[in-house]
Amino acid sequence: MTSLSFERYCDEIVSQTERLTTHVRDADMTASVLSCPGWNLGRLLRHVGGDHRWAEEIVRTRAAGPIPDELVNDPTANADEDASFLIPWLVEGAARLSSTLRAAGADALAWNPSADRSAPVAFWARRMTYETAVHRADAALTAGTGFALDRDLAVDAVREWLEYSTFPEAFEPRPDLPDLLGPDRTLHFDATDAGEWLVDLTGERPVWRSGAGGGATAIARGPVTDLLLYVYKRPTTAVETKGDTALLDLWRTRAGFWLEAPED
């Protein structure tokens, strides 16, 4: 469950996008985005704008199933576009998505790639808020500018990712990865300025809860914004890990099962 309002998410989609553009306004669109291997800044902006337009179409049409996502997963078209085009295009797409969400209302139903497959479009307001915020961190890292996120947003974003880690795609056996579930496997995430969460991997599926995790198999500890970057596999030097760090890395790989930048 989220503690933030639907209206807040609609506002943040626009706000996070506008803040993203401040990181890159004078940057080289061909600069490599190290946190998204194989991408440059232009491709990053294309991806975020594609996300917004993809989600907007799903909400506007009340899609009952997946729609083509070339704008999201193949953002290489028009690779020669520069900031003078990409920045207004990005801002326009965020505004359109926010407006479409408000017009639909939080409880309107449409497809989404969650475990339920169809749910209130409030899902998309929350998802696009954090998709934009984390890619803003990518842009800030690339441009060499600082990244900050309101603490309540960072907490909610961590909780959202913990929810995703319980979806079947995030834990079912895969031939290319070790099994995630097993005995004596618990993860403790300690946001030193915001709270603690425990992920239990000992059952038939992951379960998470708020609170301390005494005797956890592995621990990740740091300020909540840095902890958010850590679970998204973004660079941060402010998170300390202890215990079975290989299990932490496996969980981070499995939890990020969709809408993530590819590792080329």
# chains A, B, ... in the order shown; residues from 1 in each chain; ligands from 1
call {"tool": "residues_around", "arguments": {"residues": "range 207-209 of chain A", "least_positions_apart": "2", "cutoff": "12 Å", "atoms": "only C-alpha atoms", "output": "PyMOL selection string"}}
result
chain A and resi 1+158-168+170-171+181+185-189+195-205+211-213
call {"tool": "write_last_selection", "arguments": {"atoms": "N, CA, C and O atoms", "output": "CSV table (one decimal), in the first residue's frame"}}
result
chain,number,residue,atom,x,y,z
A,1,MET,N,0.8,-1.2,0.0
A,1,MET,CA,0.0,0.0,0.0
A,1,MET,C,0.9,1.3,0.0
A,1,MET,O,1.9,1.3,0.6
A,158,VAL,N,11.2,2.6,-2.5
A,158,VAL,CA,11.7,1.4,-2.0
A,158,VAL,C,10.6,0.4,-1.8
A,158,VAL,O,10.7,-0.8,-2.1
A,159,ARG,N,9.5,0.8,-1.1
A,159,ARG,CA,8.4,-0.1,-0.9
A,159,ARG,C,7.8,-0.6,-2.2
A,159,ARG,O,7.5,-1.8,-2.2
A,160,GLU,N,7.7,0.2,-3.2
A,160,GLU,CA,7.2,-0.3,-4.5
A,160,GLU,C,8.1,-1.4,-5.0
A,160,GLU,O,7.6,-2.4,-5.5
A,161,TRP,N,9.4,-1.2,-4.9
A,161,TRP,CA,10.3,-2.2,-5.5
A,161,TRP,C,10.3,-3.5,-4.6
A,161,TRP,O,10.4,-4.6,-5.2
A,162,LEU,N,10.1,-3.4,-3.3
A,162,LEU,CA,9.9,-4.6,-2.5
A,162,LEU,C,8.6,-5.3,-2.9
A,162,LEU,O,8.6,-6.5,-2.9
A,163,GLU,N,7.6,-4.6,-3.3
A,163,GLU,CA,6.4,-5.2,-3.8
A,163,GLU,C,6.7,-6.0,-5.1
A,163,GLU,O,6.2,-7.1,-5.3
A,164,TYR,N,7.4,-5.4,-6.0
A,164,TYR,CA,7.7,-6.0,-7.2
A,164,TYR,C,8.5,-7.3,-7.0
A,164,TYR,O,8.4,-8.3,-7.8
A,165,SER,N,9.3,-7.4,-5.9
A,165,SER,CA,10.1,-8.5,-5.7
A,165,SER,C,9.3,-9.8,-5.3
A,165,SER,O,9.9,-10.9,-5.1
A,166,THR,N,8.0,-9.6,-5.0
A,166,THR,CA,7.1,-10.7,-4.7
A,166,THR,C,6.4,-11.2,-5.9
A,166,THR,O,5.7,-12.2,-5.8
A,167,PHE,N,6.5,-10.6,-7.1
A,167,PHE,CA,5.8,-11.0,-8.3
A,167,PHE,C,6.5,-12.3,-8.8
A,167,PHE,O,7.7,-12.4,-8.7
A,168,PRO,N,5.8,-13.2,-9.4
A,168,PRO,CA,6.3,-14.4,-9.9
A,168,PRO,C,7.6,-14.3,-10.8
A,168,PRO,O,8.5,-15.0,-10.7
A,170,ALA,N,9.9,-12.4,-10.5
A,170,ALA,CA,11.0,-12.0,-9.8
A,170,ALA,C,11.6,-13.2,-8.9
A,170,ALA,O,12.7,-13.0,-8.3
A,171,PHE,N,10.9,-14.3,-8.9
A,171,PHE,CA,11.4,-15.4,-8.0
A,171,PHE,C,11.3,-16.8,-8.6
A,171,PHE,O,11.9,-17.7,-8.2
A,181,LEU,N,15.0,-18.5,-3.8
A,181,LEU,CA,14.3,-18.9,-2.6
A,181,LEU,C,15.1,-20.1,-2.0
A,181,LEU,O,15.7,-20.9,-2.7
A,185,ARG,N,17.4,-17.7,4.3
A,185,ARG,CA,17.6,-16.6,3.3
A,185,ARG,C,16.6,-15.4,3.7
A,185,ARG,O,15.5,-15.4,3.3
A,186,THR,N,17.2,-14.4,4.4
A,186,THR,CA,16.4,-13.2,4.7
A,186,THR,C,17.3,-12.0,4.4
A,186,THR,O,18.5,-12.1,4.6
A,187,LEU,N,16.7,-10.9,4.0
A,187,LEU,CA,17.4,-9.7,3.6
A,187,LEU,C,16.9,-8.6,4.5
A,187,LEU,O,15.7,-8.4,4.6
A,188,HIS,N,17.8,-7.8,5.1
A,188,HIS,CA,17.4,-6.7,5.9
A,188,HIS,C,17.9,-5.4,5.2
A,188,HIS,O,19.1,-5.2,5.0
A,189,PHE,N,16.9,-4.5,4.9
A,189,PHE,CA,17.3,-3.2,4.3
A,189,PHE,C,17.0,-2.2,5.4
A,189,PHE,O,15.9,-2.0,5.9
A,195,GLY,N,13.7,4.1,8.1
A,195,GLY,CA,13.0,2.9,8.5
A,195,GLY,C,13.7,1.7,8.0
A,195,GLY,O,14.8,1.7,7.5
A,196,GLU,N,13.1,0.5,8.3
A,196,GLU,CA,13.7,-0.8,8.0
A,196,GLU,C,12.7,-1.7,7.4
A,196,GLU,O,11.5,-1.6,7.6
A,197,TRP,N,13.2,-2.6,6.6
A,197,TRP,CA,12.4,-3.6,5.9
A,197,TRP,C,13.1,-5.0,5.9
A,197,TRP,O,14.3,-5.0,5.8
A,198,LEU,N,12.3,-6.0,6.0
A,198,LEU,CA,12.8,-7.4,6.0
A,198,LEU,C,12.2,-8.1,4.8
A,198,LEU,O,11.0,-8.1,4.6
A,199,VAL,N,13.0,-8.8,4.0
A,199,VAL,CA,12.5,-9.6,2.9
A,199,VAL,C,12.8,-11.1,3.2
A,199,VAL,O,14.0,-11.4,3.5
A,200,ASP,N,11.8,-11.9,3.3
A,200,ASP,CA,11.9,-13.3,3.7
A,200,ASP,C,11.8,-14.2,2.4
A,200,ASP,O,10.8,-14.2,1.7
A,201,LEU,N,12.9,-14.9,2.1
A,201,LEU,CA,13.0,-15.7,0.9
A,201,LEU,C,13.0,-17.2,1.3
A,201,LEU,O,13.3,-18.0,0.5
A,202,THR,N,12.4,-17.5,2.4
A,202,THR,CA,12.5,-18.9,2.9
A,202,THR,C,11.2,-19.7,2.5
A,202,THR,O,11.2,-20.9,2.7
A,203,GLY,N,10.2,-19.1,2.0
A,203,GLY,CA,9.0,-19.8,1.7
A,203,GLY,C,8.8,-20.1,0.2
A,203,GLY,O,9.8,-20.1,-0.5
A,204,GLU,N,7.5,-20.2,-0.2
A,204,GLU,CA,7.2,-20.6,-1.6
A,204,GLU,C,7.3,-19.3,-2.5
A,204,GLU,O,7.4,-19.4,-3.7
A,205,ARG,N,7.3,-18.1,-1.8
A,205,ARG,CA,7.4,-16.9,-2.6
A,205,ARG,C,8.0,-15.9,-1.6
A,205,ARG,O,7.8,-16.0,-0.4
A,211,GLY,N,10.1,-3.2,9.4
A,211,GLY,CA,10.7,-3.6,10.7
A,211,GLY,C,12.1,-4.1,10.6
A,211,GLY,O,12.6,-4.4,9.5
A,212,ALA,N,12.7,-4.4,11.8
A,212,ALA,CA,14.0,-4.9,11.8
A,212,ALA,C,14.1,-6.3,11.4
A,212,ALA,O,13.1,-7.0,11.4
A,213,GLY,N,15.4,-6.7,11.1
A,213,GLY,CA,15.6,-8.1,10.7
A,213,GLY,C,16.7,-8.8,11.4
A,213,GLY,O,17.8,-9.0,10.8
call {"tool": "residues_around", "arguments": {"residues": "Asp69 in chain A", "least_positions_apart": "6", "cutoff": "9 Å", "atoms": "only C-alpha atoms", "output": "list in words"}}
result
Gly50, Asp51 and Trp54 of chain A
call {"tool": "residues_around", "arguments": {"residues": "Ala137 in chain A", "least_positions_apart": "5", "cutoff": "10 Å", "atoms": "only C-alpha atoms", "output": "NGL selection string"}}
result
:A and (20 or 23 or 35 or 132 or 142-143 or 145-149 or 229 or 234-235)
call {"tool": "residues_around", "arguments": {"residues": "range 94-109 of chain A", "least_positions_apart": "3", "cutoff": "8 Å", "atoms": "only C-alpha atoms", "output": "list of chain:residue names"}}
result
A:Phe6, A:Glu7, A:Cys10, A:Asp11, A:Ile13, A:Val14, A:Thr17, A:Gly49, A:His52, A:Arg53, A:Ala55, A:Glu56, A:Val59, A:Arg60, A:Arg62, A:Leu90, A:Val91, A:Ser118, A:Ala119, A:Pro120, A:Val121, A:Ala122, A:Ala125
call {"tool": "write_last_selection", "arguments": {"atoms": "N, CA and C atoms", "output": "mmCIF file, in the first residue's frame"}}
result
data_model
loop_
_atom_site.group_PDB
_atom_site.id
_atom_site.type_symbol
_atom_site.label_atom_id
_atom_site.label_comp_id
_atom_site.auth_asym_id
_atom_site.auth_seq_id
_atom_site.Cartn_x
_atom_site.Cartn_y
_atom_site.Cartn_z
ATOM 1 N N PHE A 6 -2.773 9.944 -5.186
ATOM 2 C CA PHE A 6 -2.781 9.892 -6.646
ATOM 3 C C PHE A 6 -2.396 11.249 -7.226
ATOM 4 N N GLU A 7 -2.943 12.315 -6.663
ATOM 5 C CA GLU A 7 -2.625 13.655 -7.160
ATOM 6 C C GLU A 7 -1.143 13.964 -6.997
ATOM 7 N N CYS A 10 0.690 12.345 -9.836
ATOM 8 C CA CYS A 10 0.472 13.089 -11.087
ATOM 9 C C CYS A 10 1.328 14.349 -11.118
ATOM 10 N N ASP A 11 1.446 15.016 -9.980
ATOM 11 C CA ASP A 11 2.315 16.187 -9.893
ATOM 12 C C ASP A 11 3.780 15.806 -10.081
ATOM 13 N N ILE A 13 5.206 13.271 -11.609
ATOM 14 C CA ILE A 13 5.617 12.885 -12.963
ATOM 15 C C ILE A 13 6.130 14.103 -13.712
ATOM 16 N N VAL A 14 5.417 15.202 -13.597
ATOM 17 C CA VAL A 14 5.827 16.439 -14.255
ATOM 18 C C VAL A 14 7.053 17.036 -13.568
ATOM 19 N N THR A 17 10.270 15.077 -14.158
ATOM 20 C CA THR A 17 10.711 15.259 -15.541
ATOM 21 C C THR A 17 11.373 16.612 -15.719
ATOM 22 N N GLY A 49 10.793 9.427 -22.219
ATOM 23 C CA GLY A 49 9.657 9.958 -22.959
ATOM 24 C C GLY A 49 8.809 8.863 -23.571
ATOM 25 N N HIS A 52 6.569 7.431 -20.862
ATOM 26 C CA HIS A 52 5.421 8.302 -20.597
ATOM 27 C C HIS A 52 4.338 8.131 -21.664
ATOM 28 N N ARG A 53 4.744 8.082 -22.912
ATOM 29 C CA ARG A 53 3.761 7.971 -23.998
ATOM 30 C C ARG A 53 3.116 6.583 -24.030
ATOM 31 N N ALA A 55 2.656 4.590 -21.355
ATOM 32 C CA ALA A 55 1.704 4.542 -20.235
ATOM 33 C C ALA A 55 0.478 5.399 -20.526
ATOM 34 N N GLU A 56 0.686 6.549 -21.154
ATOM 35 C CA GLU A 56 -0.442 7.431 -21.468
ATOM 36 C C GLU A 56 -1.438 6.753 -22.397
ATOM 37 N N VAL A 59 -3.471 4.123 -20.431
ATOM 38 C CA VAL A 59 -4.487 4.728 -19.573
ATOM 39 C C VAL A 59 -5.610 5.342 -20.417
ATOM 40 N N ARG A 60 -5.249 6.080 -21.455
ATOM 41 C CA ARG A 60 -6.261 6.772 -22.277
ATOM 42 C C ARG A 60 -7.196 5.792 -22.957
ATOM 43 N N ARG A 62 -7.727 2.682 -21.935
ATOM 44 C CA ARG A 62 -8.132 1.642 -20.981
ATOM 45 C C ARG A 62 -7.767 0.267 -21.550
ATOM 46 N N LEU A 90 10.246 15.670 -24.152
ATOM 47 C CA LEU A 90 10.143 14.946 -22.883
ATOM 48 C C LEU A 90 9.147 15.617 -21.953
ATOM 49 N N VAL A 91 9.238 16.937 -21.818
ATOM 50 C CA VAL A 91 8.345 17.678 -20.930
ATOM 51 C C VAL A 91 6.894 17.556 -21.407
ATOM 52 N N SER A 118 -4.362 -6.523 -14.452
ATOM 53 C CA SER A 118 -5.308 -5.436 -14.683
ATOM 54 C C SER A 118 -5.611 -4.822 -13.324
ATOM 55 N N ALA A 119 -5.530 -3.504 -13.253
ATOM 56 C CA ALA A 119 -5.648 -2.867 -11.946
ATOM 57 C C ALA A 119 -5.968 -1.394 -12.135
ATOM 58 N N PRO A 120 -6.309 -0.695 -11.058
ATOM 59 C CA PRO A 120 -6.535 0.747 -11.172
ATOM 60 C C PRO A 120 -5.333 1.463 -11.764
ATOM 61 N N VAL A 121 -5.607 2.516 -12.536
ATOM 62 C CA VAL A 121 -4.515 3.214 -13.209
ATOM 63 C C VAL A 121 -3.646 3.998 -12.228
ATOM 64 N N ALA A 122 -4.027 4.037 -10.962
ATOM 65 C CA ALA A 122 -3.124 4.598 -9.949
ATOM 66 C C ALA A 122 -1.768 3.896 -9.999
ATOM 67 N N ALA A 125 0.454 5.905 -12.271
ATOM 68 C CA ALA A 125 0.898 7.170 -11.687
ATOM 69 C C ALA A 125 2.099 6.943 -10.778
#
call {"tool": "select_by_dssp", "arguments": {"residues": "range 53-255 of chain A", "states": "helix (DSSP H, G or I)", "output": "PyMOL selection string"}}
result
chain A and resi 53-61+70-73+83-104+122-143+151-164+168-170+224-231+245-255
call {"tool": "write_last_selection", "arguments": {"atoms": "C-alpha atoms", "output": "PDB file, in the first residue's frame"}}
result
ATOM      1  CA  ARG A  53       3.761   7.971 -23.998  1.00  0.00           C
ATOM      2  CA  TRP A  54       3.353   4.211 -23.650  1.00  0.00           C
ATOM      3  CA  ALA A  55       1.704   4.542 -20.235  1.00  0.00           C
ATOM      4  CA  GLU A  56      -0.442   7.431 -21.468  1.00  0.00           C
ATOM      5  CA  GLU A  57      -1.855   5.335 -24.309  1.00  0.00           C
ATOM      6  CA  ILE A  58      -2.595   2.448 -21.959  1.00  0.00           C
ATOM      7  CA  VAL A  59      -4.487   4.728 -19.573  1.00  0.00           C
ATOM      8  CA  ARG A  60      -6.261   6.772 -22.277  1.00  0.00           C
ATOM      9  CA  THR A  61      -7.495   3.695 -24.164  1.00  0.00           C
ATOM     10  CA  GLU A  70       8.845   0.175 -29.215  1.00  0.00           C
ATOM     11  CA  LEU A  71       9.163   3.674 -27.781  1.00  0.00           C
ATOM     12  CA  VAL A  72      10.260   2.145 -24.462  1.00  0.00           C
ATOM     13  CA  ASN A  73      12.447  -0.750 -25.514  1.00  0.00           C
ATOM     14  CA  ALA A  83      18.557  18.680 -26.585  1.00  0.00           C
ATOM     15  CA  SER A  84      16.632  21.438 -28.378  1.00  0.00           C
ATOM     16  CA  PHE A  85      14.163  18.794 -29.550  1.00  0.00           C
ATOM     17  CA  LEU A  86      14.400  16.128 -26.853  1.00  0.00           C
ATOM     18  CA  ILE A  87      13.846  18.336 -23.804  1.00  0.00           C
ATOM     19  CA  PRO A  88      10.555  19.922 -24.958  1.00  0.00           C
ATOM     20  CA  TRP A  89       9.431  16.517 -26.282  1.00  0.00           C
ATOM     21  CA  LEU A  90      10.143  14.946 -22.883  1.00  0.00           C
ATOM     22  CA  VAL A  91       8.345  17.678 -20.930  1.00  0.00           C
ATOM     23  CA  GLU A  92       5.330  17.517 -23.273  1.00  0.00           C
ATOM     24  CA  GLY A  93       4.979  13.756 -22.828  1.00  0.00           C
ATOM     25  CA  ALA A  94       5.098  14.003 -19.029  1.00  0.00           C
ATOM     26  CA  ALA A  95       2.429  16.713 -19.028  1.00  0.00           C
ATOM     27  CA  ARG A  96       0.219  14.656 -21.331  1.00  0.00           C
ATOM     28  CA  LEU A  97       0.552  11.560 -19.144  1.00  0.00           C
ATOM     29  CA  SER A  98      -0.251  13.516 -15.991  1.00  0.00           C
ATOM     30  CA  SER A  99      -3.306  15.078 -17.630  1.00  0.00           C
ATOM     31  CA  THR A 100      -4.560  11.721 -18.931  1.00  0.00           C
ATOM     32  CA  LEU A 101      -4.171  10.131 -15.511  1.00  0.00           C
ATOM     33  CA  ARG A 102      -6.139  12.920 -13.836  1.00  0.00           C
ATOM     34  CA  ALA A 103      -8.873  12.688 -16.460  1.00  0.00           C
ATOM     35  CA  ALA A 104      -9.157   8.916 -15.946  1.00  0.00           C
ATOM     36  CA  ALA A 122      -3.124   4.598  -9.949  1.00  0.00           C
ATOM     37  CA  PHE A 123      -0.493   1.894 -10.611  1.00  0.00           C
ATOM     38  CA  TRP A 124       0.768   3.892 -13.601  1.00  0.00           C
ATOM     39  CA  ALA A 125       0.898   7.170 -11.687  1.00  0.00           C
ATOM     40  CA  ARG A 126       3.121   5.608  -9.058  1.00  0.00           C
ATOM     41  CA  ARG A 127       5.234   3.596 -11.494  1.00  0.00           C
ATOM     42  CA  MET A 128       5.948   6.487 -13.820  1.00  0.00           C
ATOM     43  CA  THR A 129       6.864   8.708 -10.873  1.00  0.00           C
ATOM     44  CA  TYR A 130       9.694   6.403  -9.874  1.00  0.00           C
ATOM     45  CA  GLU A 131      10.663   5.360 -13.377  1.00  0.00           C
ATOM     46  CA  THR A 132      11.259   9.055 -14.017  1.00  0.00           C
ATOM     47  CA  ALA A 133      12.986   9.731 -10.689  1.00  0.00           C
ATOM     48  CA  VAL A 134      15.492   6.891 -11.021  1.00  0.00           C
ATOM     49  CA  HIS A 135      16.332   7.845 -14.596  1.00  0.00           C
ATOM     50  CA  ARG A 136      16.768  11.398 -13.311  1.00  0.00           C
ATOM     51  CA  ALA A 137      19.465   9.942 -11.096  1.00  0.00           C
ATOM     52  CA  ASP A 138      21.061   8.398 -14.204  1.00  0.00           C
ATOM     53  CA  ALA A 139      21.023  11.795 -15.904  1.00  0.00           C
ATOM     54  CA  ALA A 140      22.460  13.541 -12.845  1.00  0.00           C
ATOM     55  CA  LEU A 141      25.282  10.993 -12.585  1.00  0.00           C
ATOM     56  CA  THR A 142      26.097  11.400 -16.272  1.00  0.00           C
ATOM     57  CA  ALA A 143      26.032  15.188 -16.139  1.00  0.00           C
ATOM     58  CA  ARG A 151      12.388  11.325   1.725  1.00  0.00           C
ATOM     59  CA  ASP A 152       8.726  10.320   1.495  1.00  0.00           C
ATOM     60  CA  LEU A 153       9.154   9.645  -2.214  1.00  0.00           C
ATOM     61  CA  ALA A 154      12.312   7.618  -1.642  1.00  0.00           C
ATOM     62  CA  VAL A 155      10.594   5.526   1.047  1.00  0.00           C
ATOM     63  CA  ASP A 156       7.591   4.864  -1.169  1.00  0.00           C
ATOM     64  CA  ALA A 157       9.864   3.986  -4.096  1.00  0.00           C
ATOM     65  CA  VAL A 158      11.734   1.397  -2.010  1.00  0.00           C
ATOM     66  CA  ARG A 159       8.428  -0.076  -0.867  1.00  0.00           C
ATOM     67  CA  GLU A 160       7.218  -0.262  -4.468  1.00  0.00           C
ATOM     68  CA  TRP A 161      10.341  -2.206  -5.455  1.00  0.00           C
ATOM     69  CA  LEU A 162       9.882  -4.557  -2.494  1.00  0.00           C
ATOM     70  CA  GLU A 163       6.361  -5.231  -3.782  1.00  0.00           C
ATOM     71  CA  TYR A 164       7.748  -6.043  -7.237  1.00  0.00           C
ATOM     72  CA  PRO A 168       6.335 -14.433  -9.905  1.00  0.00           C
ATOM     73  CA  GLU A 169       8.726 -13.075 -12.553  1.00  0.00           C
ATOM     74  CA  ALA A 170      11.045 -12.011  -9.752  1.00  0.00           C
ATOM     75  CA  VAL A 224      17.011   5.926   2.050  1.00  0.00           C
ATOM     76  CA  THR A 225      17.752   7.689  -1.255  1.00  0.00           C
ATOM     77  CA  ASP A 226      21.043   5.819  -1.551  1.00  0.00           C
ATOM     78  CA  LEU A 227      19.297   2.589  -0.570  1.00  0.00           C
ATOM     79  CA  LEU A 228      16.837   3.215  -3.405  1.00  0.00           C
ATOM     80  CA  LEU A 229      19.705   3.654  -5.873  1.00  0.00           C
ATOM     81  CA  TYR A 230      21.287   0.486  -4.505  1.00  0.00           C
ATOM     82  CA  VAL A 231      18.207  -1.708  -5.011  1.00  0.00           C
ATOM     83  CA  THR A 245      26.231 -10.089  -0.572  1.00  0.00           C
ATOM     84  CA  ALA A 246      25.874 -12.565  -3.464  1.00  0.00           C
ATOM     85  CA  LEU A 247      22.286 -13.172  -2.326  1.00  0.00           C
ATOM     86  CA  LEU A 248      21.678  -9.415  -2.232  1.00  0.00           C
ATOM     87  CA  ASP A 249      23.009  -9.111  -5.780  1.00  0.00           C
ATOM     88  CA  LEU A 250      20.846 -12.000  -6.969  1.00  0.00           C
ATOM     89  CA  TRP A 251      17.751 -10.426  -5.387  1.00  0.00           C
ATOM     90  CA  ARG A 252      18.525  -7.080  -7.021  1.00  0.00           C
ATOM     91  CA  THR A 253      18.880  -8.782 -10.396  1.00  0.00           C
ATOM     92  CA  ARG A 254      15.637 -10.719 -10.011  1.00  0.00           C
ATOM     93  CA  ALA A 255      13.589  -7.857  -8.530  1.00  0.00           C
TER      94      ALA A 255
END
call {"tool": "select_by_dssp", "arguments": {"residues": "range 64-201 of chain A", "states": "strand (DSSP E)", "output": "PyMOL selection string"}}
result
chain A and resi 109-111+118-120+186-191+195-200
call {"tool": "write_last_selection", "arguments": {"atoms": "all heavy atoms", "output": "compact mmCIF listing (two decimals), in the first residue's frame"}}
result
# COMPACT_ATOMS: atom_id res chain seq x y z
N LEU A 109 -9.79 1.31 -14.64
CA LEU A 109 -9.05 0.06 -14.82
C LEU A 109 -8.35 0.01 -16.18
O LEU A 109 -8.91 0.43 -17.19
CB LEU A 109 -9.99 -1.14 -14.69
CG LEU A 109 -10.67 -1.32 -13.34
CD1 LEU A 109 -11.58 -2.54 -13.38
CD2 LEU A 109 -9.64 -1.45 -12.22
N ALA A 110 -7.14 -0.50 -16.18
CA ALA A 110 -6.40 -0.73 -17.41
C ALA A 110 -5.34 -1.79 -17.14
O ALA A 110 -4.98 -2.05 -15.99
CB ALA A 110 -5.75 0.56 -17.91
N TRP A 111 -4.83 -2.37 -18.22
CA TRP A 111 -3.77 -3.38 -18.10
C TRP A 111 -2.52 -2.77 -17.48
O TRP A 111 -2.21 -1.60 -17.66
CB TRP A 111 -3.42 -3.92 -19.49
CG TRP A 111 -2.22 -4.81 -19.48
CD1 TRP A 111 -2.19 -6.14 -19.21
CD2 TRP A 111 -0.87 -4.42 -19.74
NE1 TRP A 111 -0.90 -6.61 -19.29
CE2 TRP A 111 -0.07 -5.57 -19.60
CE3 TRP A 111 -0.26 -3.20 -20.07
CZ2 TRP A 111 1.31 -5.56 -19.79
CZ3 TRP A 111 1.12 -3.17 -20.25
CH2 TRP A 111 1.89 -4.33 -20.11
N SER A 118 -4.36 -6.52 -14.45
CA SER A 118 -5.31 -5.44 -14.68
C SER A 118 -5.61 -4.82 -13.32
O SER A 118 -5.90 -5.54 -12.37
CB SER A 118 -6.59 -5.94 -15.33
OG SER A 118 -7.47 -4.86 -15.58
N ALA A 119 -5.53 -3.50 -13.25
CA ALA A 119 -5.65 -2.87 -11.95
C ALA A 119 -5.97 -1.39 -12.14
O ALA A 119 -5.91 -0.87 -13.25
CB ALA A 119 -4.33 -3.04 -11.17
N PRO A 120 -6.31 -0.69 -11.06
CA PRO A 120 -6.53 0.75 -11.17
C PRO A 120 -5.33 1.46 -11.76
O PRO A 120 -4.18 1.09 -11.50
CB PRO A 120 -6.78 1.17 -9.72
CG PRO A 120 -7.32 -0.06 -9.05
CD PRO A 120 -6.59 -1.21 -9.70
N THR A 186 17.17 -14.43 4.35
CA THR A 186 16.43 -13.22 4.68
C THR A 186 17.32 -12.01 4.41
O THR A 186 18.53 -12.06 4.63
CB THR A 186 15.96 -13.20 6.15
OG1 THR A 186 17.10 -13.41 7.00
CG2 THR A 186 14.91 -14.27 6.40
N LEU A 187 16.71 -10.94 3.96
CA LEU A 187 17.43 -9.71 3.63
C LEU A 187 16.90 -8.58 4.50
O LEU A 187 15.68 -8.40 4.62
CB LEU A 187 17.24 -9.35 2.15
CG LEU A 187 17.55 -10.44 1.13
CD1 LEU A 187 17.25 -9.93 -0.28
CD2 LEU A 187 19.00 -10.89 1.24
N HIS A 188 17.81 -7.83 5.06
CA HIS A 188 17.44 -6.69 5.91
C HIS A 188 17.89 -5.41 5.23
O HIS A 188 19.08 -5.23 4.96
CB HIS A 188 18.11 -6.84 7.28
CG HIS A 188 17.84 -5.71 8.22
ND1 HIS A 188 18.65 -5.45 9.30
CD2 HIS A 188 16.85 -4.77 8.26
CE1 HIS A 188 18.18 -4.41 9.96
NE2 HIS A 188 17.10 -3.98 9.35
N PHE A 189 16.94 -4.52 4.92
CA PHE A 189 17.26 -3.23 4.34
C PHE A 189 17.01 -2.15 5.40
O PHE A 189 15.88 -1.99 5.87
CB PHE A 189 16.39 -2.97 3.10
CG PHE A 189 16.68 -3.95 1.99
CD1 PHE A 189 15.87 -5.07 1.82
CD2 PHE A 189 17.75 -3.77 1.14
CE1 PHE A 189 16.13 -5.98 0.80
CE2 PHE A 189 18.03 -4.68 0.13
CZ PHE A 189 17.22 -5.79 -0.04
N ASP A 190 18.08 -1.46 5.78
CA ASP A 190 18.03 -0.50 6.87
C ASP A 190 18.28 0.90 6.31
O ASP A 190 19.41 1.26 5.98
CB ASP A 190 19.09 -0.86 7.91
CG ASP A 190 19.10 0.10 9.09
OD1 ASP A 190 18.23 0.99 9.16
OD2 ASP A 190 20.00 -0.05 9.95
N ALA A 191 17.19 1.66 6.14
CA ALA A 191 17.33 3.06 5.74
C ALA A 191 17.57 3.87 7.00
O ALA A 191 16.67 4.05 7.82
CB ALA A 191 16.07 3.54 5.02
N GLY A 195 13.67 4.14 8.09
CA GLY A 195 12.99 2.92 8.50
C GLY A 195 13.72 1.68 8.04
O GLY A 195 14.82 1.75 7.46
N GLU A 196 13.11 0.52 8.32
CA GLU A 196 13.74 -0.76 8.01
C GLU A 196 12.72 -1.69 7.38
O GLU A 196 11.52 -1.59 7.64
CB GLU A 196 14.30 -1.40 9.28
CG GLU A 196 15.35 -0.57 9.99
CD GLU A 196 15.75 -1.20 11.32
OE1 GLU A 196 16.55 -2.15 11.30
OE2 GLU A 196 15.25 -0.73 12.36
N TRP A 197 13.21 -2.63 6.56
CA TRP A 197 12.37 -3.63 5.90
C TRP A 197 13.09 -4.97 5.89
O TRP A 197 14.31 -5.04 5.75
CB TRP A 197 12.05 -3.21 4.47
CG TRP A 197 11.37 -1.89 4.36
CD1 TRP A 197 10.04 -1.63 4.49
CD2 TRP A 197 12.00 -0.63 4.11
NE1 TRP A 197 9.80 -0.29 4.33
CE2 TRP A 197 10.98 0.35 4.09
CE3 TRP A 197 13.33 -0.23 3.89
CZ2 TRP A 197 11.24 1.70 3.88
CZ3 TRP A 197 13.60 1.12 3.68
CH2 TRP A 197 12.56 2.06 3.67
N LEU A 198 12.29 -6.03 6.01
CA LEU A 198 12.82 -7.38 5.96
C LEU A 198 12.18 -8.12 4.79
O LEU A 198 10.96 -8.09 4.63
CB LEU A 198 12.53 -8.14 7.26
CG LEU A 198 13.10 -9.56 7.33
CD1 LEU A 198 14.61 -9.52 7.51
CD2 LEU A 198 12.45 -10.35 8.48
N VAL A 199 13.00 -8.78 3.98
CA VAL A 199 12.52 -9.62 2.88
C VAL A 199 12.83 -11.06 3.24
O VAL A 199 14.00 -11.42 3.45
CB VAL A 199 13.18 -9.25 1.54
CG1 VAL A 199 12.71 -10.20 0.45
CG2 VAL A 199 12.87 -7.81 1.18
N ASP A 200 11.79 -11.89 3.33
CA ASP A 200 11.91 -13.30 3.70
C ASP A 200 11.84 -14.15 2.44
O ASP A 200 10.82 -14.17 1.74
CB ASP A 200 10.79 -13.67 4.67
CG ASP A 200 10.90 -15.08 5.23
OD1 ASP A 200 11.68 -15.89 4.66
OD2 ASP A 200 10.22 -15.38 6.22
call {"tool": "atom_distance", "arguments": {"atom1": "CA of Ala220 in chain A", "atom2": "CA of Leu180 in chain A"}}
result
17.1 Å
call {"tool": "closest_residue", "arguments": {"among": "A:Asp244, A:Asp193, A:Glu12, A:Glu81", "to": "Ala216 in chain A", "atoms": "only C-alpha atoms"}}
result
A:Asp244
